[in-house]
Amino acid sequence: MAKSKDNVVMQGASGKVGRNLVFRQKGDQTIIAKRPRAAAVDRPVSEKQLRVQNRFLDASLYAKKAIKDEELKAAYAAKANINQSAYNVAFKDYFTAPQVRRLNDINYKGAVGDELNFLIKDIMKVTEINIEILDQSEVLIESGLAVPLDADNVEWSYTATVANADYENVIYRITMLDTPKNITTVIKAYGEDMEP
């Protein structure tokens with residue numbers, strides 16, 4: 001796939017050229033691509049391909065539903081660049097799992113009231129985070145909901161409710177629920193993100 005920039009001849013071109021090229025418009029760009037092949041109808045589909053196709057369909061259905069909600073559509077449109085629509089951003093949000101950018105556990109020393117702070121990256125926003133603190137054998141010490149510290153739900157905090165003398169050997173299981181209602185779980189070790 002090629003993109004044409006500032007080409008007076010090709011600017012605004014769309015459609016098929018000969019047997020091999022297709023021109024189309026996306027935002028302010030002219031896209032030049034190979035002509036799509038006809039799909040082989042009788043070719044068997046692997047389990048992995050079927051999973052991807054189903055996920056693609058789910059993302060498409062979510063994006064269609066999201067842009068029918070005026071408030072959600074406006075939120076996605078605000079995240080879009082010049083070559084994206086609210087639908088594109090909603091579709092990408094469904095496909096993209098949130099990430100724990102940094103878990104700051106420097107203030108967690110195993111006492112009740114100690115805080116864990118973390119930064120989350122997502123296309124739209126994470127709406128809920130459940131954190132579990134486990135020992136080395138993955139036995140649950142405590143769990144609870146974290147609290148967002150800002151309107152964009154980027155910074156979150158969790159306050160410990162159980163004393164734990166062996167705090168340096170804990171594992172954190174962070175389960176995030178994002179705007180499309182996807183659930184993502186991340187495992188972190190004590191001090192993992194704070195190492196230089």
# chains A, B, ... in the order shown; residues from 1 in each chain; ligands from 1
$ residues_around --residues "Met176 in chain A" --least-positions-apart "5" --cutoff "7 Å" --atoms "only C-alpha atoms" --output "number ranges by chain"
A: 126, 128-130, 183-185
$ write_last_selection --atoms "all heavy atoms" --output "PDB file, in the first residue's frame"
ATOM      1  N   VAL A 126      -9.998   3.159  31.032  1.00  0.00           N
ATOM      2  CA  VAL A 126     -10.326   2.007  31.859  1.00  0.00           C
ATOM      3  C   VAL A 126     -11.375   2.490  32.855  1.00  0.00           C
ATOM      4  O   VAL A 126     -11.243   3.566  33.434  1.00  0.00           O
ATOM      5  CB  VAL A 126      -9.061   1.480  32.566  1.00  0.00           C
ATOM      6  CG1 VAL A 126      -9.408   0.480  33.638  1.00  0.00           C
ATOM      7  CG2 VAL A 126      -8.111   0.866  31.552  1.00  0.00           C
ATOM      8  N   GLU A 128     -12.783   0.399  35.437  1.00  0.00           N
ATOM      9  CA  GLU A 128     -12.707  -0.259  36.744  1.00  0.00           C
ATOM     10  C   GLU A 128     -11.431  -1.080  36.824  1.00  0.00           C
ATOM     11  O   GLU A 128     -11.029  -1.715  35.851  1.00  0.00           O
ATOM     12  CB  GLU A 128     -13.915  -1.180  36.925  1.00  0.00           C
ATOM     13  CG  GLU A 128     -13.997  -1.855  38.275  1.00  0.00           C
ATOM     14  CD  GLU A 128     -15.247  -2.710  38.397  1.00  0.00           C
ATOM     15  OE1 GLU A 128     -16.349  -2.138  38.434  1.00  0.00           O
ATOM     16  OE2 GLU A 128     -15.107  -3.953  38.426  1.00  0.00           O
ATOM     17  N   ILE A 129     -10.803  -1.074  37.992  1.00  0.00           N
ATOM     18  CA  ILE A 129      -9.608  -1.887  38.223  1.00  0.00           C
ATOM     19  C   ILE A 129      -9.760  -2.616  39.547  1.00  0.00           C
ATOM     20  O   ILE A 129     -10.022  -2.003  40.585  1.00  0.00           O
ATOM     21  CB  ILE A 129      -8.323  -1.041  38.247  1.00  0.00           C
ATOM     22  CG1 ILE A 129      -8.087  -0.390  36.884  1.00  0.00           C
ATOM     23  CG2 ILE A 129      -7.123  -1.899  38.638  1.00  0.00           C
ATOM     24  CD1 ILE A 129      -6.858   0.477  36.808  1.00  0.00           C
ATOM     25  N   ASN A 130      -9.581  -3.930  39.485  1.00  0.00           N
ATOM     26  CA  ASN A 130      -9.552  -4.753  40.696  1.00  0.00           C
ATOM     27  C   ASN A 130      -8.108  -5.205  40.887  1.00  0.00           C
ATOM     28  O   ASN A 130      -7.477  -5.694  39.943  1.00  0.00           O
ATOM     29  CB  ASN A 130     -10.471  -5.966  40.559  1.00  0.00           C
ATOM     30  CG  ASN A 130     -10.490  -6.772  41.844  1.00  0.00           C
ATOM     31  OD1 ASN A 130     -10.931  -6.308  42.874  1.00  0.00           O
ATOM     32  ND2 ASN A 130      -9.984  -7.997  41.772  1.00  0.00           N
ATOM     33  N   ILE A 183     -11.993  -7.383  29.416  1.00  0.00           N
ATOM     34  CA  ILE A 183     -11.282  -7.607  30.677  1.00  0.00           C
ATOM     35  C   ILE A 183      -9.849  -8.014  30.365  1.00  0.00           C
ATOM     36  O   ILE A 183      -9.614  -8.931  29.591  1.00  0.00           O
ATOM     37  CB  ILE A 183     -11.979  -8.701  31.513  1.00  0.00           C
ATOM     38  CG1 ILE A 183     -13.392  -8.234  31.892  1.00  0.00           C
ATOM     39  CG2 ILE A 183     -11.160  -9.043  32.752  1.00  0.00           C
ATOM     40  CD1 ILE A 183     -14.248  -9.303  32.536  1.00  0.00           C
ATOM     41  N   THR A 184      -8.905  -7.286  30.954  1.00  0.00           N
ATOM     42  CA  THR A 184      -7.482  -7.554  30.746  1.00  0.00           C
ATOM     43  C   THR A 184      -6.828  -7.735  32.105  1.00  0.00           C
ATOM     44  O   THR A 184      -7.039  -6.921  33.006  1.00  0.00           O
ATOM     45  CB  THR A 184      -6.806  -6.382  30.014  1.00  0.00           C
ATOM     46  OG1 THR A 184      -7.503  -6.140  28.792  1.00  0.00           O
ATOM     47  CG2 THR A 184      -5.349  -6.670  29.729  1.00  0.00           C
ATOM     48  N   THR A 185      -6.035  -8.790  32.257  1.00  0.00           N
ATOM     49  CA  THR A 185      -5.339  -9.042  33.518  1.00  0.00           C
ATOM     50  C   THR A 185      -3.835  -8.968  33.296  1.00  0.00           C
ATOM     51  O   THR A 185      -3.309  -9.543  32.343  1.00  0.00           O
ATOM     52  CB  THR A 185      -5.726 -10.417  34.089  1.00  0.00           C
ATOM     53  OG1 THR A 185      -7.142 -10.439  34.309  1.00  0.00           O
ATOM     54  CG2 THR A 185      -5.021 -10.694  35.401  1.00  0.00           C
TER      55      THR A 185
END
$ residues_around --residues "Lys109 in chain A" --least-positions-apart "5" --cutoff "9 Å" --atoms "only C-alpha atoms" --output "list of chain:residue names"
A:Asp114, A:Glu115, A:Ala163, A:Asn164, A:Ala165, A:Asp166, A:Tyr167, A:Glu168
$ write_last_selection --atoms "C-alpha atoms" --output "short mmCIF file (atom, residue, chain, number, x, y, z; two decimals), in the first residue's frame"
data_model
loop_
_atom_site.label_atom_id
_atom_site.label_comp_id
_atom_site.auth_asym_id
_atom_site.auth_seq_id
_atom_site.Cartn_x
_atom_site.Cartn_y
_atom_site.Cartn_z
CA ASP A 114 -0.07 1.79 52.42
CA GLU A 115 -0.74 2.91 48.85
CA ALA A 163 -1.04 -6.26 57.05
CA ASN A 164 1.61 -8.35 55.28
CA ALA A 165 5.08 -8.81 56.80
CA ASP A 166 6.40 -10.56 53.65
CA TYR A 167 5.48 -7.63 51.39
CA GLU A 168 8.70 -7.79 49.31
#
$ select_by_dssp --residues "range 42-189 of chain A" --states "alpha helix (DSSP H)" --output "short mmCIF file (atom, residue, chain, number, x, y, z; two decimals) with N, CA, C and O atoms, in the first residue's frame"
data_model
loop_
_atom_site.label_atom_id
_atom_site.label_comp_id
_atom_site.auth_asym_id
_atom_site.auth_seq_id
_atom_site.Cartn_x
_atom_site.Cartn_y
_atom_site.Cartn_z
N GLU A 47 -8.29 -22.61 13.20
CA GLU A 47 -8.90 -22.12 14.44
C GLU A 47 -8.43 -20.71 14.76
O GLU A 47 -9.21 -19.87 15.20
N LYS A 48 -7.14 -20.45 14.54
CA LYS A 48 -6.58 -19.13 14.81
C LYS A 48 -7.23 -18.08 13.91
O LYS A 48 -7.60 -17.00 14.36
N GLN A 49 -7.39 -18.41 12.61
CA GLN A 49 -8.04 -17.48 11.69
C GLN A 49 -9.49 -17.23 12.10
O GLN A 49 -9.97 -16.10 12.04
N LEU A 50 -10.16 -18.27 12.52
CA LEU A 50 -11.55 -18.14 12.95
C LEU A 50 -11.66 -17.24 14.19
O LEU A 50 -12.56 -16.41 14.28
N ARG A 51 -10.71 -17.40 15.13
CA ARG A 51 -10.71 -16.54 16.33
C ARG A 51 -10.51 -15.08 15.93
O ARG A 51 -11.18 -14.19 16.47
N VAL A 52 -9.58 -14.83 15.00
CA VAL A 52 -9.33 -13.46 14.56
C VAL A 52 -10.55 -12.90 13.84
O VAL A 52 -10.94 -11.75 14.07
N GLN A 53 -11.18 -13.70 12.99
CA GLN A 53 -12.38 -13.25 12.28
C GLN A 53 -13.50 -12.91 13.26
O GLN A 53 -14.19 -11.89 13.11
N ASN A 54 -13.67 -13.74 14.28
CA ASN A 54 -14.71 -13.49 15.28
C ASN A 54 -14.41 -12.23 16.08
O ASN A 54 -15.31 -11.45 16.39
N ARG A 55 -13.14 -12.03 16.43
CA ARG A 55 -12.75 -10.83 17.18
C ARG A 55 -12.96 -9.58 16.31
O ARG A 55 -13.41 -8.55 16.79
N PHE A 56 -12.64 -9.70 15.03
CA PHE A 56 -12.86 -8.59 14.09
C PHE A 56 -14.34 -8.25 14.01
O PHE A 56 -14.73 -7.08 14.05
N LEU A 57 -15.19 -9.28 13.93
CA LEU A 57 -16.63 -9.07 13.88
C LEU A 57 -17.13 -8.41 15.17
O LEU A 57 -17.92 -7.47 15.13
N ASP A 58 -16.63 -8.89 16.31
CA ASP A 58 -17.02 -8.31 17.60
C ASP A 58 -16.62 -6.83 17.68
O ASP A 58 -17.39 -6.00 18.17
N ALA A 59 -15.41 -6.51 17.19
CA ALA A 59 -14.94 -5.12 17.20
C ALA A 59 -15.82 -4.26 16.31
O ALA A 59 -16.17 -3.13 16.66
N SER A 60 -16.20 -4.79 15.16
CA SER A 60 -17.07 -4.07 14.24
C SER A 60 -18.44 -3.81 14.87
O SER A 60 -18.97 -2.69 14.79
N LEU A 61 -19.00 -4.82 15.50
CA LEU A 61 -20.31 -4.67 16.15
C LEU A 61 -20.24 -3.66 17.29
O LEU A 61 -21.14 -2.84 17.47
N TYR A 62 -19.13 -3.70 18.07
CA TYR A 62 -18.97 -2.74 19.15
C TYR A 62 -18.89 -1.32 18.61
O TYR A 62 -19.54 -0.40 19.12
N ALA A 63 -18.08 -1.12 17.55
CA ALA A 63 -17.89 0.22 16.99
C ALA A 63 -19.21 0.77 16.44
O ALA A 63 -19.52 1.95 16.64
N LYS A 64 -19.99 -0.08 15.80
CA LYS A 64 -21.30 0.36 15.28
C LYS A 64 -22.22 0.79 16.43
O LYS A 64 -22.92 1.80 16.34
N LYS A 65 -22.21 0.01 17.50
CA LYS A 65 -23.04 0.33 18.66
C LYS A 65 -22.54 1.61 19.34
O LYS A 65 -23.34 2.44 19.75
N ALA A 66 -21.22 1.76 19.44
CA ALA A 66 -20.63 2.92 20.12
C ALA A 66 -20.98 4.22 19.42
O ALA A 66 -21.27 5.23 20.08
N GLU A 70 -24.54 9.02 21.19
CA GLU A 70 -23.99 10.34 20.83
C GLU A 70 -22.83 10.77 21.75
O GLU A 70 -21.84 11.33 21.30
N GLU A 71 -22.96 10.50 23.04
CA GLU A 71 -21.92 10.89 23.99
C GLU A 71 -20.63 10.09 23.75
O GLU A 71 -19.53 10.65 23.71
N LEU A 72 -20.78 8.79 23.56
CA LEU A 72 -19.62 7.93 23.30
C LEU A 72 -19.01 8.25 21.94
O LEU A 72 -17.78 8.29 21.79
N LYS A 73 -19.85 8.50 20.96
CA LYS A 73 -19.36 8.86 19.62
C LYS A 73 -18.52 10.14 19.69
O LYS A 73 -17.45 10.22 19.09
N ALA A 74 -19.00 11.13 20.44
CA ALA A 74 -18.25 12.39 20.59
C ALA A 74 -16.91 12.15 21.28
O ALA A 74 -15.90 12.74 20.90
N ALA A 75 -16.90 11.27 22.28
CA ALA A 75 -15.65 10.96 23.00
C ALA A 75 -14.65 10.29 22.07
O ALA A 75 -13.45 10.61 22.07
N TYR A 76 -15.13 9.35 21.25
CA TYR A 76 -14.23 8.69 20.29
C TYR A 76 -13.79 9.66 19.20
O TYR A 76 -12.63 9.63 18.77
N ALA A 77 -14.69 10.52 18.74
CA ALA A 77 -14.34 11.51 17.71
C ALA A 77 -13.25 12.46 18.21
O ALA A 77 -12.38 12.87 17.45
N ALA A 78 -13.29 12.78 19.50
CA ALA A 78 -12.28 13.66 20.09
C ALA A 78 -10.90 13.02 20.09
O ALA A 78 -9.88 13.71 20.06
N LYS A 79 -10.84 11.69 20.10
CA LYS A 79 -9.57 10.96 20.08
C LYS A 79 -9.05 10.72 18.66
O LYS A 79 -7.92 10.30 18.47
N ALA A 86 -14.78 8.39 14.30
CA ALA A 86 -15.11 7.86 15.63
C ALA A 86 -15.22 6.34 15.56
O ALA A 86 -14.80 5.64 16.48
N TYR A 87 -15.76 5.83 14.46
CA TYR A 87 -15.89 4.38 14.26
C TYR A 87 -14.51 3.71 14.30
O TYR A 87 -14.33 2.69 14.97
N ASN A 88 -13.52 4.30 13.58
CA ASN A 88 -12.17 3.73 13.57
C ASN A 88 -11.56 3.65 14.96
O ASN A 88 -10.93 2.66 15.33
N VAL A 89 -11.74 4.72 15.74
CA VAL A 89 -11.15 4.76 17.08
C VAL A 89 -11.86 3.76 18.00
O VAL A 89 -11.22 3.07 18.79
N ALA A 90 -13.18 3.65 17.88
CA ALA A 90 -13.93 2.68 18.69
C ALA A 90 -13.51 1.26 18.33
O ALA A 90 -13.33 0.41 19.22
N PHE A 91 -13.33 1.00 17.05
CA PHE A 91 -12.88 -0.32 16.59
C PHE A 91 -11.50 -0.64 17.19
O PHE A 91 -11.28 -1.72 17.73
N LYS A 92 -10.59 0.32 17.12
CA LYS A 92 -9.24 0.14 17.67
C LYS A 92 -9.28 -0.05 19.18
O LYS A 92 -8.54 -0.86 19.74
N ASP A 93 -10.18 0.68 19.85
CA ASP A 93 -10.31 0.56 21.30
C ASP A 93 -10.71 -0.86 21.69
O ASP A 93 -10.22 -1.41 22.68
N TYR A 94 -11.60 -1.46 20.91
CA TYR A 94 -12.02 -2.83 21.20
C TYR A 94 -10.84 -3.79 21.06
O TYR A 94 -10.68 -4.73 21.83
N PHE A 95 -10.01 -3.56 20.05
CA PHE A 95 -8.90 -4.46 19.75
C PHE A 95 -7.68 -4.25 20.65
O PHE A 95 -6.85 -5.15 20.78
#
$ closest_residue --among "A:Gln99, A:Thr161, A:Ser85, A:Ser143" --to "Gly27 in chain A" --atoms "only C-alpha atoms"
A:Ser85
$ closest_residue --among "A:Thr179, A:Gln136, A:Gln84, A:Asn153" --to "Val100 in chain A" --atoms "only C-alpha atoms"
A:Asn153
$ atom_distance --atom1 "CA of Pro98 in chain A" --atom2 "CA of Lys181 in chain A"
11.3 Å
$ atom_distance --atom1 "CA of Ile123 in chain A" --atom2 "CA of Ala33 in chain A"
27.6 Å
$ atom_distance --atom1 "CA of Tyr158 in chain A" --atom2 "CA of Ser137 in chain A"
22.0 Å
$ select_by_dssp --residues "chain A" --states "strand (DSSP E or B)" --output "JSON, numbers by chain"
{"A": [2, 3, 4, 15, 16, 17, 21, 22, 23, 24, 25, 26, 29, 30, 31, 32, 33, 34, 99, 100, 101, 102, 103, 104, 115, 116, 117, 118, 119, 120, 121, 126, 127, 128, 129, 130, 131, 132, 133, 134, 140, 141, 142, 143, 144, 145, 147, 148, 155, 156, 157, 158, 159, 171, 172, 173, 174, 175, 176, 177, 178, 183, 184, 185, 186, 187, 188, 189]}
$ residues_around --residues "Leu149 in chain A" --least-positions-apart "5" --cutoff "12 Å" --atoms "only C-alpha atoms" --output "list in words"
Asn117, Phe118, Leu119, Ile120, Val154, Glu155, Trp156, Ser157 and Tyr158 of chain A
$ write_last_selection --atoms "all heavy atoms" --output "PDB file, in the first residue's frame"
ATOM      1  N   ASN A 117       0.212   3.011  43.582  1.00  0.00           N
ATOM      2  CA  ASN A 117      -0.240   3.932  42.547  1.00  0.00           C
ATOM      3  C   ASN A 117       0.200   3.398  41.194  1.00  0.00           C
ATOM      4  O   ASN A 117       1.301   2.862  41.071  1.00  0.00           O
ATOM      5  CB  ASN A 117       0.335   5.332  42.773  1.00  0.00           C
ATOM      6  CG  ASN A 117      -0.209   5.954  44.041  1.00  0.00           C
ATOM      7  OD1 ASN A 117      -1.399   6.164  44.162  1.00  0.00           O
ATOM      8  ND2 ASN A 117       0.670   6.207  44.995  1.00  0.00           N
ATOM      9  N   PHE A 118      -0.651   3.561  40.204  1.00  0.00           N
ATOM     10  CA  PHE A 118      -0.255   3.099  38.876  1.00  0.00           C
ATOM     11  C   PHE A 118      -0.841   3.965  37.773  1.00  0.00           C
ATOM     12  O   PHE A 118      -1.854   4.630  37.945  1.00  0.00           O
ATOM     13  CB  PHE A 118      -0.574   1.627  38.636  1.00  0.00           C
ATOM     14  CG  PHE A 118      -1.784   1.086  39.332  1.00  0.00           C
ATOM     15  CD1 PHE A 118      -2.942   0.834  38.647  1.00  0.00           C
ATOM     16  CD2 PHE A 118      -1.756   0.804  40.694  1.00  0.00           C
ATOM     17  CE1 PHE A 118      -4.052   0.315  39.284  1.00  0.00           C
ATOM     18  CE2 PHE A 118      -2.852   0.288  41.337  1.00  0.00           C
ATOM     19  CZ  PHE A 118      -4.012   0.047  40.623  1.00  0.00           C
ATOM     20  N   LEU A 119      -0.133   3.967  36.647  1.00  0.00           N
ATOM     21  CA  LEU A 119      -0.544   4.688  35.453  1.00  0.00           C
ATOM     22  C   LEU A 119      -1.043   3.675  34.431  1.00  0.00           C
ATOM     23  O   LEU A 119      -0.392   2.666  34.188  1.00  0.00           O
ATOM     24  CB  LEU A 119       0.627   5.473  34.861  1.00  0.00           C
ATOM     25  CG  LEU A 119       1.216   6.577  35.724  1.00  0.00           C
ATOM     26  CD1 LEU A 119       2.427   7.195  35.038  1.00  0.00           C
ATOM     27  CD2 LEU A 119       0.180   7.649  36.014  1.00  0.00           C
ATOM     28  N   ILE A 120      -2.174   3.975  33.828  1.00  0.00           N
ATOM     29  CA  ILE A 120      -2.801   3.082  32.857  1.00  0.00           C
ATOM     30  C   ILE A 120      -2.862   3.784  31.506  1.00  0.00           C
ATOM     31  O   ILE A 120      -3.176   4.970  31.422  1.00  0.00           O
ATOM     32  CB  ILE A 120      -4.238   2.717  33.302  1.00  0.00           C
ATOM     33  CG1 ILE A 120      -4.229   2.083  34.701  1.00  0.00           C
ATOM     34  CG2 ILE A 120      -4.925   1.831  32.281  1.00  0.00           C
ATOM     35  CD1 ILE A 120      -3.497   0.785  34.807  1.00  0.00           C
ATOM     36  N   VAL A 154      -6.379   7.791  34.087  1.00  0.00           N
ATOM     37  CA  VAL A 154      -5.006   7.399  33.758  1.00  0.00           C
ATOM     38  C   VAL A 154      -4.267   7.014  35.033  1.00  0.00           C
ATOM     39  O   VAL A 154      -3.561   6.013  35.073  1.00  0.00           O
ATOM     40  CB  VAL A 154      -4.269   8.543  33.021  1.00  0.00           C
ATOM     41  CG1 VAL A 154      -2.797   8.218  32.827  1.00  0.00           C
ATOM     42  CG2 VAL A 154      -4.933   8.824  31.677  1.00  0.00           C
ATOM     43  N   GLU A 155      -4.430   7.808  36.097  1.00  0.00           N
ATOM     44  CA  GLU A 155      -3.771   7.527  37.378  1.00  0.00           C
ATOM     45  C   GLU A 155      -4.772   6.859  38.319  1.00  0.00           C
ATOM     46  O   GLU A 155      -5.900   7.310  38.461  1.00  0.00           O
ATOM     47  CB  GLU A 155      -3.268   8.823  38.014  1.00  0.00           C
ATOM     48  CG  GLU A 155      -2.179   9.508  37.222  1.00  0.00           C
ATOM     49  CD  GLU A 155      -1.689  10.759  37.930  1.00  0.00           C
ATOM     50  OE1 GLU A 155      -1.061  10.614  38.997  1.00  0.00           O
ATOM     51  OE2 GLU A 155      -1.957  11.854  37.426  1.00  0.00           O
ATOM     52  N   TRP A 156      -4.312   5.779  38.969  1.00  0.00           N
ATOM     53  CA  TRP A 156      -5.160   5.024  39.894  1.00  0.00           C
ATOM     54  C   TRP A 156      -4.402   4.782  41.191  1.00  0.00           C
ATOM     55  O   TRP A 156      -3.169   4.789  41.209  1.00  0.00           O
ATOM     56  CB  TRP A 156      -5.539   3.682  39.286  1.00  0.00           C
ATOM     57  CG  TRP A 156      -6.472   3.774  38.117  1.00  0.00           C
ATOM     58  CD1 TRP A 156      -6.162   4.179  36.855  1.00  0.00           C
ATOM     59  CD2 TRP A 156      -7.865   3.466  38.109  1.00  0.00           C
ATOM     60  NE1 TRP A 156      -7.277   4.134  36.059  1.00  0.00           N
ATOM     61  CE2 TRP A 156      -8.336   3.696  36.802  1.00  0.00           C
ATOM     62  CE3 TRP A 156      -8.762   3.006  39.069  1.00  0.00           C
ATOM     63  CZ2 TRP A 156      -9.659   3.481  36.433  1.00  0.00           C
ATOM     64  CZ3 TRP A 156     -10.084   2.794  38.703  1.00  0.00           C
ATOM     65  CH2 TRP A 156     -10.522   3.037  37.391  1.00  0.00           C
ATOM     66  N   SER A 157      -5.146   4.536  42.263  1.00  0.00           N
ATOM     67  CA  SER A 157      -4.541   4.266  43.561  1.00  0.00           C
ATOM     68  C   SER A 157      -5.306   3.143  44.259  1.00  0.00           C
ATOM     69  O   SER A 157      -6.524   3.042  44.128  1.00  0.00           O
ATOM     70  CB  SER A 157      -4.570   5.533  44.420  1.00  0.00           C
ATOM     71  OG  SER A 157      -3.988   5.277  45.682  1.00  0.00           O
ATOM     72  N   TYR A 158      -4.555   2.330  44.986  1.00  0.00           N
ATOM     73  CA  TYR A 158      -5.163   1.279  45.808  1.00  0.00           C
ATOM     74  C   TYR A 158      -4.566   1.383  47.204  1.00  0.00           C
ATOM     75  O   TYR A 158      -3.345   1.501  47.364  1.00  0.00           O
ATOM     76  CB  TYR A 158      -4.893  -0.105  45.225  1.00  0.00           C
ATOM     77  CG  TYR A 158      -5.429  -1.216  46.105  1.00  0.00           C
ATOM     78  CD1 TYR A 158      -6.782  -1.503  46.142  1.00  0.00           C
ATOM     79  CD2 TYR A 158      -4.572  -1.947  46.927  1.00  0.00           C
ATOM     80  CE1 TYR A 158      -7.286  -2.500  46.971  1.00  0.00           C
ATOM     81  CE2 TYR A 158      -5.065  -2.940  47.757  1.00  0.00           C
ATOM     82  CZ  TYR A 158      -6.421  -3.213  47.772  1.00  0.00           C
ATOM     83  OH  TYR A 158      -6.924  -4.192  48.602  1.00  0.00           O
TER      84      TYR A 158
END
